[in-house]
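**Q** Provided below: input_32.cif, containing mmCIF, C-alpha atoms and all ligand atoms.
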```cif
data_model
#
loop_
_atom_site.group_PDB
_atom_site.id
_atom_site.type_symbol
_atom_site.label_atom_id
_atom_site.label_comp_id
_atom_site.auth_asym_id
_atom_site.auth_seq_id
_atom_site.Cartn_x
_atom_site.Cartn_y
_atom_site.Cartn_z
ATOM 1 C CA MET L 1 33.080 -46.416 -39.625
ATOM 2 C CA ARG L 2 29.811 -48.222 -39.011
ATOM 3 C CA LEU L 3 31.591 -51.491 -38.175
ATOM 4 C CA LYS L 4 34.473 -50.138 -36.113
ATOM 5 C CA ASP L 5 36.095 -52.831 -33.933
ATOM 6 C CA LYS L 6 33.898 -55.652 -35.261
ATOM 7 C CA VAL L 7 35.480 -58.976 -36.206
ATOM 8 C CA ILE L 8 33.537 -60.381 -39.152
ATOM 9 C CA LEU L 9 33.739 -63.731 -40.922
ATOM 10 C CA ILE L 10 32.323 -63.861 -44.452
ATOM 11 C CA THR L 11 32.133 -67.242 -46.165
ATOM 12 C CA GLY L 12 32.589 -67.367 -49.941
ATOM 13 C CA SER L 13 34.016 -63.845 -50.061
ATOM 14 C CA GLY L 14 36.513 -64.434 -52.863
ATOM 15 C CA SER L 15 33.932 -63.442 -55.477
ATOM 16 C CA GLY L 16 30.668 -61.646 -56.234
ATOM 17 C CA ILE L 17 28.455 -60.486 -53.372
ATOM 18 C CA GLY L 18 30.761 -61.836 -50.660
ATOM 19 C CA LYS L 19 33.756 -60.004 -52.083
ATOM 20 C CA SER L 20 31.874 -56.744 -52.485
ATOM 21 C CA THR L 21 30.625 -57.056 -48.888
ATOM 22 C CA ALA L 22 34.127 -57.810 -47.590
ATOM 23 C CA LEU L 23 35.494 -54.670 -49.299
ATOM 24 C CA LEU L 24 32.668 -52.514 -47.914
ATOM 25 C CA PHE L 25 33.005 -53.955 -44.393
ATOM 26 C CA GLY L 26 36.763 -53.381 -44.518
ATOM 27 C CA SER L 27 36.208 -49.728 -45.440
ATOM 28 C CA GLU L 28 33.743 -49.394 -42.531
ATOM 29 C CA GLY L 29 36.354 -50.349 -39.932
ATOM 30 C CA ALA L 30 35.757 -54.099 -39.539
ATOM 31 C CA THR L 31 38.466 -56.711 -39.269
ATOM 32 C CA VAL L 32 37.411 -59.047 -42.069
ATOM 33 C CA ILE L 33 38.146 -62.748 -42.242
ATOM 34 C CA VAL L 34 37.786 -63.651 -45.892
ATOM 35 C CA ASN L 35 36.858 -67.314 -46.299
ATOM 36 C CA ASP L 36 36.674 -69.067 -49.664
ATOM 37 C CA LEU L 37 37.494 -72.387 -51.252
ATOM 38 C CA SER L 38 39.588 -70.555 -53.826
ATOM 39 C CA GLU L 39 42.850 -69.464 -52.267
ATOM 40 C CA GLU L 40 43.695 -67.182 -55.172
ATOM 41 C CA LYS L 41 40.398 -65.287 -55.069
ATOM 42 C CA GLY L 42 40.273 -65.169 -51.266
ATOM 43 C CA GLU L 43 43.831 -63.851 -50.944
ATOM 44 C CA GLU L 44 43.010 -61.245 -53.590
ATOM 45 C CA THR L 45 39.984 -59.962 -51.649
ATOM 46 C CA ALA L 46 42.000 -59.724 -48.411
ATOM 47 C CA ALA L 47 44.863 -57.954 -50.220
ATOM 48 C CA GLU L 48 42.455 -55.413 -51.748
ATOM 49 C CA ILE L 49 41.055 -54.619 -48.298
ATOM 50 C CA ARG L 50 44.535 -54.136 -46.862
ATOM 51 C CA ALA L 51 45.619 -52.007 -49.859
ATOM 52 C CA ALA L 52 42.660 -49.708 -49.129
ATOM 53 C CA GLY L 53 43.859 -49.316 -45.527
ATOM 54 C CA GLY L 54 41.585 -51.922 -43.913
ATOM 55 C CA GLU L 55 42.301 -55.063 -41.908
ATOM 56 C CA ALA L 56 41.780 -58.493 -43.409
ATOM 57 C CA ILE L 57 43.128 -62.016 -43.508
ATOM 58 C CA TYR L 58 42.215 -64.945 -45.754
ATOM 59 C CA ARG L 59 41.414 -68.405 -44.418
ATOM 60 C CA LYS L 60 40.751 -71.381 -46.678
ATOM 61 C CA ALA L 61 38.012 -73.783 -45.541
ATOM 62 C CA ASP L 62 35.132 -75.630 -47.166
ATOM 63 C CA VAL L 63 31.900 -74.502 -45.452
ATOM 64 C CA THR L 64 30.621 -78.087 -45.484
ATOM 65 C CA ASP L 65 33.676 -79.509 -43.676
ATOM 66 C CA PRO L 66 33.324 -79.530 -39.859
ATOM 67 C CA ALA L 67 37.039 -80.125 -39.174
ATOM 68 C CA ALA L 68 38.214 -77.330 -41.478
ATOM 69 C CA ILE L 69 35.587 -74.847 -40.254
ATOM 70 C CA SER L 70 36.094 -75.561 -36.550
ATOM 71 C CA ALA L 71 39.881 -75.159 -36.998
ATOM 72 C CA MET L 72 39.323 -71.848 -38.818
ATOM 73 C CA VAL L 73 37.003 -70.561 -36.083
ATOM 74 C CA GLU L 74 39.453 -71.524 -33.303
ATOM 75 C CA ASP L 75 42.234 -69.790 -35.233
ATOM 76 C CA ILE L 76 40.146 -66.591 -35.491
ATOM 77 C CA ILE L 77 39.329 -66.716 -31.764
ATOM 78 C CA LYS L 78 43.027 -67.164 -30.953
ATOM 79 C CA LEU L 79 43.926 -64.181 -33.138
ATOM 80 C CA TYR L 80 41.108 -61.751 -32.321
ATOM 81 C CA GLY L 81 39.299 -63.154 -29.264
ATOM 82 C CA ARG L 82 35.819 -63.073 -30.794
ATOM 83 C CA ILE L 83 33.603 -63.135 -33.879
ATOM 84 C CA ASP L 84 30.994 -60.362 -33.828
ATOM 85 C CA VAL L 85 29.353 -61.112 -37.166
ATOM 86 C CA LEU L 86 29.083 -64.265 -39.267
ATOM 87 C CA PHE L 87 27.883 -63.819 -42.838
ATOM 88 C CA ASN L 88 26.944 -67.239 -44.259
ATOM 89 C CA ASN L 89 27.257 -66.187 -47.880
ATOM 90 C CA ALA L 90 28.890 -69.100 -49.751
ATOM 91 C CA GLY L 91 26.516 -70.828 -52.134
ATOM 92 C CA ILE L 92 26.294 -72.520 -55.514
ATOM 93 C CA SER L 93 23.625 -72.815 -58.182
ATOM 94 C CA GLY L 94 22.128 -75.950 -59.721
ATOM 95 C CA VAL L 95 20.208 -75.708 -62.960
ATOM 96 C CA GLY L 96 17.456 -78.062 -64.109
ATOM 97 C CA ALA L 97 13.871 -79.188 -63.581
ATOM 98 C CA LEU L 98 13.727 -82.162 -61.212
ATOM 99 C CA HIS L 99 13.524 -84.864 -63.906
ATOM 100 C CA GLU L 100 16.690 -83.461 -65.510
ATOM 101 C CA LEU L 101 18.655 -83.204 -62.279
ATOM 102 C CA GLU L 102 21.216 -85.869 -61.389
ATOM 103 C CA PRO L 103 21.146 -86.981 -57.736
ATOM 104 C CA GLU L 104 24.835 -85.989 -57.421
ATOM 105 C CA LEU L 105 24.020 -82.372 -58.333
ATOM 106 C CA TRP L 106 21.028 -82.351 -55.961
ATOM 107 C CA ASP L 107 23.283 -83.527 -53.111
ATOM 108 C CA LYS L 108 26.016 -81.049 -53.920
ATOM 109 C CA VAL L 109 23.703 -78.009 -53.957
ATOM 110 C CA VAL L 110 21.887 -79.118 -50.793
ATOM 111 C CA ASN L 111 25.222 -79.754 -49.104
ATOM 112 C CA VAL L 112 26.861 -76.408 -49.865
ATOM 113 C CA ASN L 113 23.760 -74.216 -49.531
ATOM 114 C CA ILE L 114 22.214 -75.718 -46.365
ATOM 115 C CA ARG L 115 24.950 -77.648 -44.564
ATOM 116 C CA GLY L 116 27.235 -74.734 -45.509
ATOM 117 C CA VAL L 117 25.104 -72.486 -43.280
ATOM 118 C CA TYR L 118 24.771 -75.058 -40.491
ATOM 119 C CA ILE L 119 28.466 -75.910 -40.085
ATOM 120 C CA PRO L 120 29.942 -72.367 -39.748
ATOM 121 C CA SER L 121 27.025 -71.377 -37.463
ATOM 122 C CA LYS L 122 27.546 -74.468 -35.291
ATOM 123 C CA TYR L 123 31.170 -73.553 -34.550
ATOM 124 C CA VAL L 124 30.755 -69.759 -34.279
ATOM 125 C CA LEU L 125 27.615 -69.766 -32.092
ATOM 126 C CA PRO L 126 29.203 -71.056 -28.839
ATOM 127 C CA HIS L 127 31.616 -68.099 -28.909
ATOM 128 C CA MET L 128 28.787 -65.628 -29.511
ATOM 129 C CA MET L 129 26.707 -67.296 -26.759
ATOM 130 C CA GLU L 130 29.570 -66.964 -24.298
ATOM 131 C CA ARG L 131 29.808 -63.220 -24.971
ATOM 132 C CA LYS L 132 26.027 -62.806 -25.237
ATOM 133 C CA SER L 133 26.444 -60.857 -28.455
ATOM 134 C CA GLY L 134 26.431 -61.461 -32.185
ATOM 135 C CA SER L 135 24.792 -61.026 -35.561
ATOM 136 C CA ILE L 136 24.413 -63.822 -38.103
ATOM 137 C CA ILE L 137 23.413 -63.074 -41.675
ATOM 138 C CA ASN L 138 22.234 -66.011 -43.771
ATOM 139 C CA MET L 139 22.196 -65.787 -47.552
ATOM 140 C CA SER L 140 18.782 -66.847 -48.847
ATOM 141 C CA SER L 141 17.369 -65.543 -52.145
ATOM 142 C CA CYS L 142 14.085 -64.115 -53.426
ATOM 143 C CA ILE L 143 13.685 -67.512 -55.097
ATOM 144 C CA ALA L 144 12.591 -68.690 -51.628
ATOM 145 C CA GLU L 145 9.381 -66.746 -52.334
ATOM 146 C CA ILE L 146 8.736 -67.184 -56.064
ATOM 147 C CA GLY L 147 8.971 -70.014 -58.565
ATOM 148 C CA LEU L 148 11.539 -69.606 -61.326
ATOM 149 C CA ALA L 149 12.143 -71.971 -64.241
ATOM 150 C CA ARG L 150 14.589 -74.878 -63.828
ATOM 151 C CA ARG L 151 15.925 -73.828 -60.437
ATOM 152 C CA ALA L 152 14.140 -76.388 -58.224
ATOM 153 C CA VAL L 153 16.988 -77.586 -56.028
ATOM 154 C CA TYR L 154 18.437 -74.102 -55.664
ATOM 155 C CA ALA L 155 14.998 -72.763 -54.655
ATOM 156 C CA ALA L 156 14.548 -75.609 -52.165
ATOM 157 C CA THR L 157 17.860 -74.787 -50.472
ATOM 158 C CA LYS L 158 17.181 -71.068 -50.254
ATOM 159 C CA GLY L 159 13.708 -71.715 -48.805
ATOM 160 C CA ALA L 160 15.387 -73.948 -46.245
ATOM 161 C CA VAL L 161 17.860 -71.204 -45.336
ATOM 162 C CA LEU L 162 14.983 -68.804 -44.710
ATOM 163 C CA ALA L 163 13.205 -71.329 -42.456
ATOM 164 C CA LEU L 164 16.482 -72.105 -40.678
ATOM 165 C CA THR L 165 17.050 -68.391 -40.053
ATOM 166 C CA LYS L 166 13.737 -68.061 -38.189
ATOM 167 C CA SER L 167 14.377 -71.136 -36.036
ATOM 168 C CA MET L 168 17.928 -70.060 -35.261
ATOM 169 C CA GLN L 169 16.639 -66.662 -34.167
ATOM 170 C CA VAL L 170 14.265 -68.213 -31.653
ATOM 171 C CA ASP L 171 16.971 -70.475 -30.210
ATOM 172 C CA TYR L 172 19.553 -67.723 -29.767
ATOM 173 C CA ALA L 173 17.467 -64.616 -28.974
ATOM 174 C CA ASP L 174 18.145 -65.056 -25.237
ATOM 175 C CA TYR L 175 21.861 -64.817 -25.973
ATOM 176 C CA ASN L 176 21.429 -61.415 -27.625
ATOM 177 C CA ILE L 177 22.282 -62.956 -30.992
ATOM 178 C CA ARG L 178 20.369 -61.724 -34.025
ATOM 179 C CA VAL L 179 19.859 -63.938 -37.060
ATOM 180 C CA ASN L 180 18.479 -62.440 -40.271
ATOM 181 C CA ALA L 181 18.361 -63.403 -43.933
ATOM 182 C CA LEU L 182 19.208 -61.563 -47.135
ATOM 183 C CA LEU L 183 16.948 -62.222 -50.130
ATOM 184 C CA PRO L 184 18.599 -60.772 -53.217
ATOM 185 C CA GLY L 185 16.985 -60.801 -56.631
ATOM 186 C CA THR L 186 19.166 -61.366 -59.679
ATOM 187 C CA ILE L 187 22.550 -59.783 -59.058
ATOM 188 C CA MET L 188 25.150 -59.664 -61.813
ATOM 189 C CA THR L 189 28.004 -61.852 -60.501
ATOM 190 C CA PRO L 190 30.049 -64.788 -61.908
ATOM 191 C CA PHE L 191 27.366 -67.032 -60.351
ATOM 192 C CA VAL L 192 24.620 -65.552 -62.577
ATOM 193 C CA GLU L 193 26.856 -65.461 -65.653
ATOM 194 C CA ASP L 194 27.429 -69.204 -65.119
ATOM 195 C CA TYR L 195 23.693 -69.809 -64.697
ATOM 196 C CA LEU L 196 22.909 -67.926 -67.922
ATOM 197 C CA ARG L 197 25.566 -69.866 -69.848
ATOM 198 C CA LYS L 198 24.316 -73.235 -68.598
ATOM 199 C CA SER L 199 20.598 -72.534 -68.977
ATOM 200 C CA TYR L 200 20.136 -70.741 -72.285
ATOM 201 C CA ASP L 201 21.227 -71.124 -75.901
ATOM 202 C CA ASP L 202 21.459 -67.347 -76.126
ATOM 203 C CA PRO L 203 22.704 -65.961 -72.783
ATOM 204 C CA GLU L 204 22.539 -62.353 -74.050
ATOM 205 C CA GLU L 205 18.837 -62.685 -74.861
ATOM 206 C CA ALA L 206 18.247 -64.364 -71.493
ATOM 207 C CA TYR L 207 20.012 -61.484 -69.767
ATOM 208 C CA GLU L 208 17.678 -59.023 -71.493
ATOM 209 C CA GLY L 209 14.704 -61.095 -70.330
ATOM 210 C CA LEU L 210 15.921 -60.986 -66.729
ATOM 211 C CA ARG L 211 16.506 -57.246 -66.955
ATOM 212 C CA LYS L 212 12.994 -56.594 -68.219
ATOM 213 C CA ARG L 213 11.459 -58.748 -65.444
ATOM 214 C CA GLN L 214 12.725 -56.262 -62.861
ATOM 215 C CA LEU L 215 10.612 -53.275 -61.814
ATOM 216 C CA SER L 216 13.960 -51.520 -61.597
ATOM 217 C CA GLY L 217 14.642 -52.338 -65.273
ATOM 218 C CA GLU L 218 18.158 -53.387 -64.286
ATOM 219 C CA LEU L 219 19.744 -56.323 -62.518
ATOM 220 C CA GLY L 220 21.220 -55.690 -59.095
ATOM 221 C CA ARG L 221 24.905 -55.148 -58.432
ATOM 222 C CA PRO L 222 26.915 -56.874 -55.684
ATOM 223 C CA GLU L 223 27.270 -53.464 -53.987
ATOM 224 C CA ASP L 224 23.481 -53.249 -53.583
ATOM 225 C CA VAL L 225 23.492 -56.425 -51.503
ATOM 226 C CA ALA L 226 26.669 -55.426 -49.642
ATOM 227 C CA LYS L 227 24.910 -52.284 -48.384
ATOM 228 C CA ALA L 228 22.004 -54.346 -47.038
ATOM 229 C CA ALA L 229 24.489 -56.723 -45.372
ATOM 230 C CA LEU L 230 26.173 -53.700 -43.790
ATOM 231 C CA PHE L 231 22.866 -52.697 -42.191
ATOM 232 C CA LEU L 232 22.339 -56.213 -40.795
ATOM 233 C CA ALA L 233 25.931 -56.441 -39.542
ATOM 234 C CA SER L 234 25.799 -53.076 -37.796
ATOM 235 C CA ASP L 235 24.004 -52.246 -34.559
ATOM 236 C CA GLU L 236 21.650 -50.020 -36.608
ATOM 237 C CA SER L 237 19.543 -53.123 -37.271
ATOM 238 C CA LYS L 238 19.304 -54.139 -33.605
ATOM 239 C CA PHE L 239 15.501 -54.453 -33.768
ATOM 240 C CA MET L 240 15.627 -56.822 -36.771
ATOM 241 C CA MET L 241 15.336 -60.430 -35.632
ATOM 242 C CA GLY L 242 14.592 -63.491 -37.759
ATOM 243 C CA SER L 243 13.643 -61.271 -40.697
ATOM 244 C CA PRO L 244 14.021 -61.542 -44.443
ATOM 245 C CA LEU L 245 15.502 -58.447 -46.094
ATOM 246 C CA TYR L 246 14.670 -58.173 -49.814
ATOM 247 C CA ILE L 247 17.078 -56.523 -52.258
ATOM 248 C CA ASP L 248 15.464 -57.485 -55.523
ATOM 249 C CA GLY L 249 14.484 -54.501 -57.673
ATOM 250 C CA GLY L 250 10.826 -55.357 -57.060
ATOM 251 C CA ALA L 251 11.033 -58.972 -58.281
ATOM 252 C CA VAL L 252 9.011 -60.471 -55.406
ATOM 253 C CA PHE L 253 6.343 -57.882 -54.665
ATOM 254 C CA GLY L 254 5.825 -56.211 -58.040
ATOM 255 C CA LYS L 255 4.649 -57.273 -61.481
ATOM 256 C CA LYS L 256 5.067 -55.140 -64.581
ATOM 257 C CA ALA L 257 2.119 -56.662 -66.391
HETATM 258 P P1 LIG O 301 29.875 -66.261 -56.655
HETATM 259 O O1 LIG O 301 29.929 -67.572 -57.354
HETATM 260 O O2 LIG O 301 30.349 -65.045 -57.362
HETATM 261 O O3 LIG O 301 30.660 -66.382 -55.257
HETATM 262 C C1 LIG O 301 30.494 -67.467 -54.390
HETATM 263 C C2 LIG O 301 31.825 -67.786 -53.725
HETATM 264 O O4 LIG O 301 31.607 -68.883 -52.810
HETATM 265 C C3 LIG O 301 32.922 -68.243 -54.703
HETATM 266 O O5 LIG O 301 34.081 -67.457 -54.545
HETATM 267 C C4 LIG O 301 33.169 -69.713 -54.323
HETATM 268 O O6 LIG O 301 34.524 -70.104 -54.463
HETATM 269 C C5 LIG O 301 32.741 -69.731 -52.864
HETATM 270 N N1 LIG O 301 32.347 -71.084 -52.441
HETATM 271 C C6 LIG O 301 31.575 -71.980 -53.112
HETATM 272 N N2 LIG O 301 31.479 -73.121 -52.435
HETATM 273 C C7 LIG O 301 32.185 -72.952 -51.289
HETATM 274 C C8 LIG O 301 32.455 -73.782 -50.176
HETATM 275 N N3 LIG O 301 31.995 -75.037 -50.127
HETATM 276 N N4 LIG O 301 33.211 -73.286 -49.159
HETATM 277 C C9 LIG O 301 33.706 -72.030 -49.206
HETATM 278 N N5 LIG O 301 33.496 -71.198 -50.265
HETATM 279 C C10 LIG O 301 32.745 -71.658 -51.279
HETATM 280 O O7 LIG O 301 28.361 -66.103 -56.177
HETATM 281 P P2 LIG O 301 27.447 -64.837 -55.741
HETATM 282 O O8 LIG O 301 26.521 -64.523 -56.832
HETATM 283 O O9 LIG O 301 28.279 -63.775 -55.148
HETATM 284 O O10 LIG O 301 26.568 -65.556 -54.632
HETATM 285 C C11 LIG O 301 26.856 -65.473 -53.254
HETATM 286 C C12 LIG O 301 25.641 -65.964 -52.500
HETATM 287 O O11 LIG O 301 24.510 -65.168 -52.841
HETATM 288 C C13 LIG O 301 25.240 -67.411 -52.804
HETATM 289 O O12 LIG O 301 24.796 -68.039 -51.614
HETATM 290 C C14 LIG O 301 24.078 -67.259 -53.761
HETATM 291 O O13 LIG O 301 23.201 -68.350 -53.704
HETATM 292 C C15 LIG O 301 23.440 -66.000 -53.216
HETATM 293 N N6 LIG O 301 22.577 -65.296 -54.156
HETATM 294 C C16 LIG O 301 23.078 -64.837 -55.333
HETATM 295 C C17 LIG O 301 22.232 -64.172 -56.206
HETATM 296 C C18 LIG O 301 22.715 -63.635 -57.528
HETATM 297 O O14 LIG O 301 21.865 -63.275 -58.347
HETATM 298 N N7 LIG O 301 24.017 -63.564 -57.765
HETATM 299 C C19 LIG O 301 20.893 -63.979 -55.882
HETATM 300 C C20 LIG O 301 20.426 -64.442 -54.662
HETATM 301 C C21 LIG O 301 21.279 -65.104 -53.801
#
```
Let me see the structure of the file written as structure tokens.

**A**
Amino acid sequence: MRLKDKVILITGSGSGIGKSTALLFGSEGATVIVNDLSEEKGEETAAEIRAAGGEAIYRKADVTDPAAISAMVEDIIKLYGRIDVLFNNAGISGVGALHELEPELWDKVVNVNIRGVYIPSKYVLPHMMERKSGSIINMSSCIAEIGLARRAVYAATKGAVLALTKSMQVDYADYNIRVNALLPGTIMTPFVEDYLRKSYDDPEEAYEGLRKRQLSGELGRPEDVAKAALFLASDESKFMMGSPLYIDGGAVFGKKA
């Protein structure tokens, strides 16, 4: 019960890493607010947590929409009185080198991946500041540190999230609010399956290539990232401030050849 009595909002937790984290947090005693654009997937995550004996509700809101997010946050405060942890997890991919990328796709990825961290933080932070307590986890990616083919806009947004994390930490340290970033490597989720389908003629071969790139020899699983998020959400990480936490099977710091 490492998260006993904590009220935790996880954006984009209807699928992949967010869902896995929501299930783990629920089993560790947290009250989980599952947020996702997809009502079906979000309700499913919340129902799975409750079926396992945990506490969870689903709230629909687009992370880029100030009105929807501020209404969701006020609703959570009315119900539970506080938000102890905000996990800014929702994100989308965008495939293509810059000359191939349409401006509409650029804007969409920038909007969801950067504004989608700003907006939930903007509305949750005043409540954390009032209580002088909180932990915010921002979803970056190891692509913030290394160049990967045809992922320019995605990389730009995840680099921005890492920079934003450090600045946020400085601004809110005096309020006893910690802000850290997760930098996963390639984790097998619907997001990566979609990327493989859109980027390669032979997704199976591409998958093998990704697998071999890892020092671990395997891609990560959503549970691997969920466990790192659990550490950042819990008080066990109280001396981590403004830090990147890598969960990448050696992708950033190691090279096989
Ligand atoms: P996923 O596609 O499985 O899940 C993302 C969820 O976010 C979906 O359920 C989607 O409906 C929701 N979402 C999208 N836009 C939203 C919006 N505007 N408002 C609310 N919800 C929205 O993806 P995933 O692989 O679990 O990725 C989660 C996060 O982890 C993303 O930020 C991604 O960039 C990051 N990440 C993933 C990997 C990986 O390899 N899978 C690696 C590094 C970082």

**Q** Which is closer to Asn138 (chain L) than all the others in L:Val252, L:Ile49, L:Ala67, L:Ala229, using all atoms listed in the file?

**A**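 Looking at the shortest contact to Asn138 (chain L), the residue is L:Ala229.
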
**Q** Nearest residue to Val124 (chain L) out of L:Phe253, L:Trp106, L:Phe87, L:Tyr246, using all atoms listed in the file?

**A**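 For Val124 (chain L), the nearest of the candidates is L:Phe87.
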
**Q** Let me have all residues with an atom within 8 Å of ligand LIG 301 (chain O), counting all atoms listed in the file, laid out as a CSV table (one decimal) with C-alpha atoms, keeping the file's coordinate frame.

**A**
```
chain,number,residue,atom,x,y,z
L,11,THR,CA,32.1,-67.2,-46.2
L,12,GLY,CA,32.6,-67.4,-49.9
L,13,SER,CA,34.0,-63.8,-50.1
L,14,GLY,CA,36.5,-64.4,-52.9
L,15,SER,CA,33.9,-63.4,-55.5
L,16,GLY,CA,30.7,-61.6,-56.2
L,17,ILE,CA,28.5,-60.5,-53.4
L,18,GLY,CA,30.8,-61.8,-50.7
L,19,LYS,CA,33.8,-60.0,-52.1
L,35,ASN,CA,36.9,-67.3,-46.3
L,36,ASP,CA,36.7,-69.1,-49.7
L,37,LEU,CA,37.5,-72.4,-51.3
L,38,SER,CA,39.6,-70.6,-53.8
L,41,LYS,CA,40.4,-65.3,-55.1
L,42,GLY,CA,40.3,-65.2,-51.3
L,60,LYS,CA,40.8,-71.4,-46.7
L,61,ALA,CA,38.0,-73.8,-45.5
L,62,ASP,CA,35.1,-75.6,-47.2
L,63,VAL,CA,31.9,-74.5,-45.5
L,64,THR,CA,30.6,-78.1,-45.5
L,88,ASN,CA,26.9,-67.2,-44.3
L,89,ASN,CA,27.3,-66.2,-47.9
L,90,ALA,CA,28.9,-69.1,-49.8
L,91,GLY,CA,26.5,-70.8,-52.1
L,92,ILE,CA,26.3,-72.5,-55.5
L,93,SER,CA,23.6,-72.8,-58.2
L,112,VAL,CA,26.9,-76.4,-49.9
L,113,ASN,CA,23.8,-74.2,-49.5
L,116,GLY,CA,27.2,-74.7,-45.5
L,139,MET,CA,22.2,-65.8,-47.6
L,140,SER,CA,18.8,-66.8,-48.8
L,141,SER,CA,17.4,-65.5,-52.1
L,142,CYS,CA,14.1,-64.1,-53.4
L,143,ILE,CA,13.7,-67.5,-55.1
L,154,TYR,CA,18.4,-74.1,-55.7
L,158,LYS,CA,17.2,-71.1,-50.3
L,182,LEU,CA,19.2,-61.6,-47.1
L,183,LEU,CA,16.9,-62.2,-50.1
L,184,PRO,CA,18.6,-60.8,-53.2
L,185,GLY,CA,17.0,-60.8,-56.6
L,186,THR,CA,19.2,-61.4,-59.7
L,187,ILE,CA,22.6,-59.8,-59.1
L,188,MET,CA,25.2,-59.7,-61.8
L,189,THR,CA,28.0,-61.9,-60.5
L,190,PRO,CA,30.0,-64.8,-61.9
L,191,PHE,CA,27.4,-67.0,-60.4
L,192,VAL,CA,24.6,-65.6,-62.6
L,220,GLY,CA,21.2,-55.7,-59.1
L,222,PRO,CA,26.9,-56.9,-55.7
```

**Q** Just the number, please: distance in Å from CA of Val161 (chain L) to CA of Met241 (chain L), one decimal.

**A** 14.7 Å

**Q** Please write the residues picked by the PyMOL selection byres (((chain L and resi 97) around 9) and not hetatm) on this file as number ranges by chain.

**A** L: 95-96, 98-101, 149-153

**Q** Name every residue that the PyMOL selection byres (((chain L and resi 6) around 7) and not hetatm) selects in this structure, writing the answer as an MDAnalysis selection string with chains first and numbers rising.

**A** chainID L and resid 3:5 7:8 30:31 84

**Q** Could you please take those selected residues and save C-alpha atoms as a tab-separated table (two decimals), keeping the file's coordinate frame?

**A**
```tsv
chain	number	residue	atom	x	y	z
L	3	LEU	CA	31.59	-51.49	-38.17
L	4	LYS	CA	34.47	-50.14	-36.11
L	5	ASP	CA	36.10	-52.83	-33.93
L	7	VAL	CA	35.48	-58.98	-36.21
L	8	ILE	CA	33.54	-60.38	-39.15
L	30	ALA	CA	35.76	-54.10	-39.54
L	31	THR	CA	38.47	-56.71	-39.27
L	84	ASP	CA	30.99	-60.36	-33.83
```

**Q** Just to confirm, what's the straight-line distance from CA of Asp224 (chain L) to CA of Gln169 (chain L) in Å (one decimal)?

**A**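 Computed distance, CA of Asp224 (chain L) to CA of Gln169 (chain L), equals 24.6 Å.
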
**Q** Once the PyMOL selection byres (((chain L and resi 173) around 12) and not hetatm) is applied to the coordinates I shared, what remains selected? I want it as a list in words.

**A** Leu125, Met128, Met129, Lys132, Ser133, Gly134, Ser135, Ile136, Thr165, Lys166, Ser167, Met168, Gln169, Val170, Asp171, Tyr172, Asp174, Tyr175, Asn176, Ile177, Arg178, Val179, Asn180, Lys238, Phe239, Met240, Met241 and Gly242 of chain L
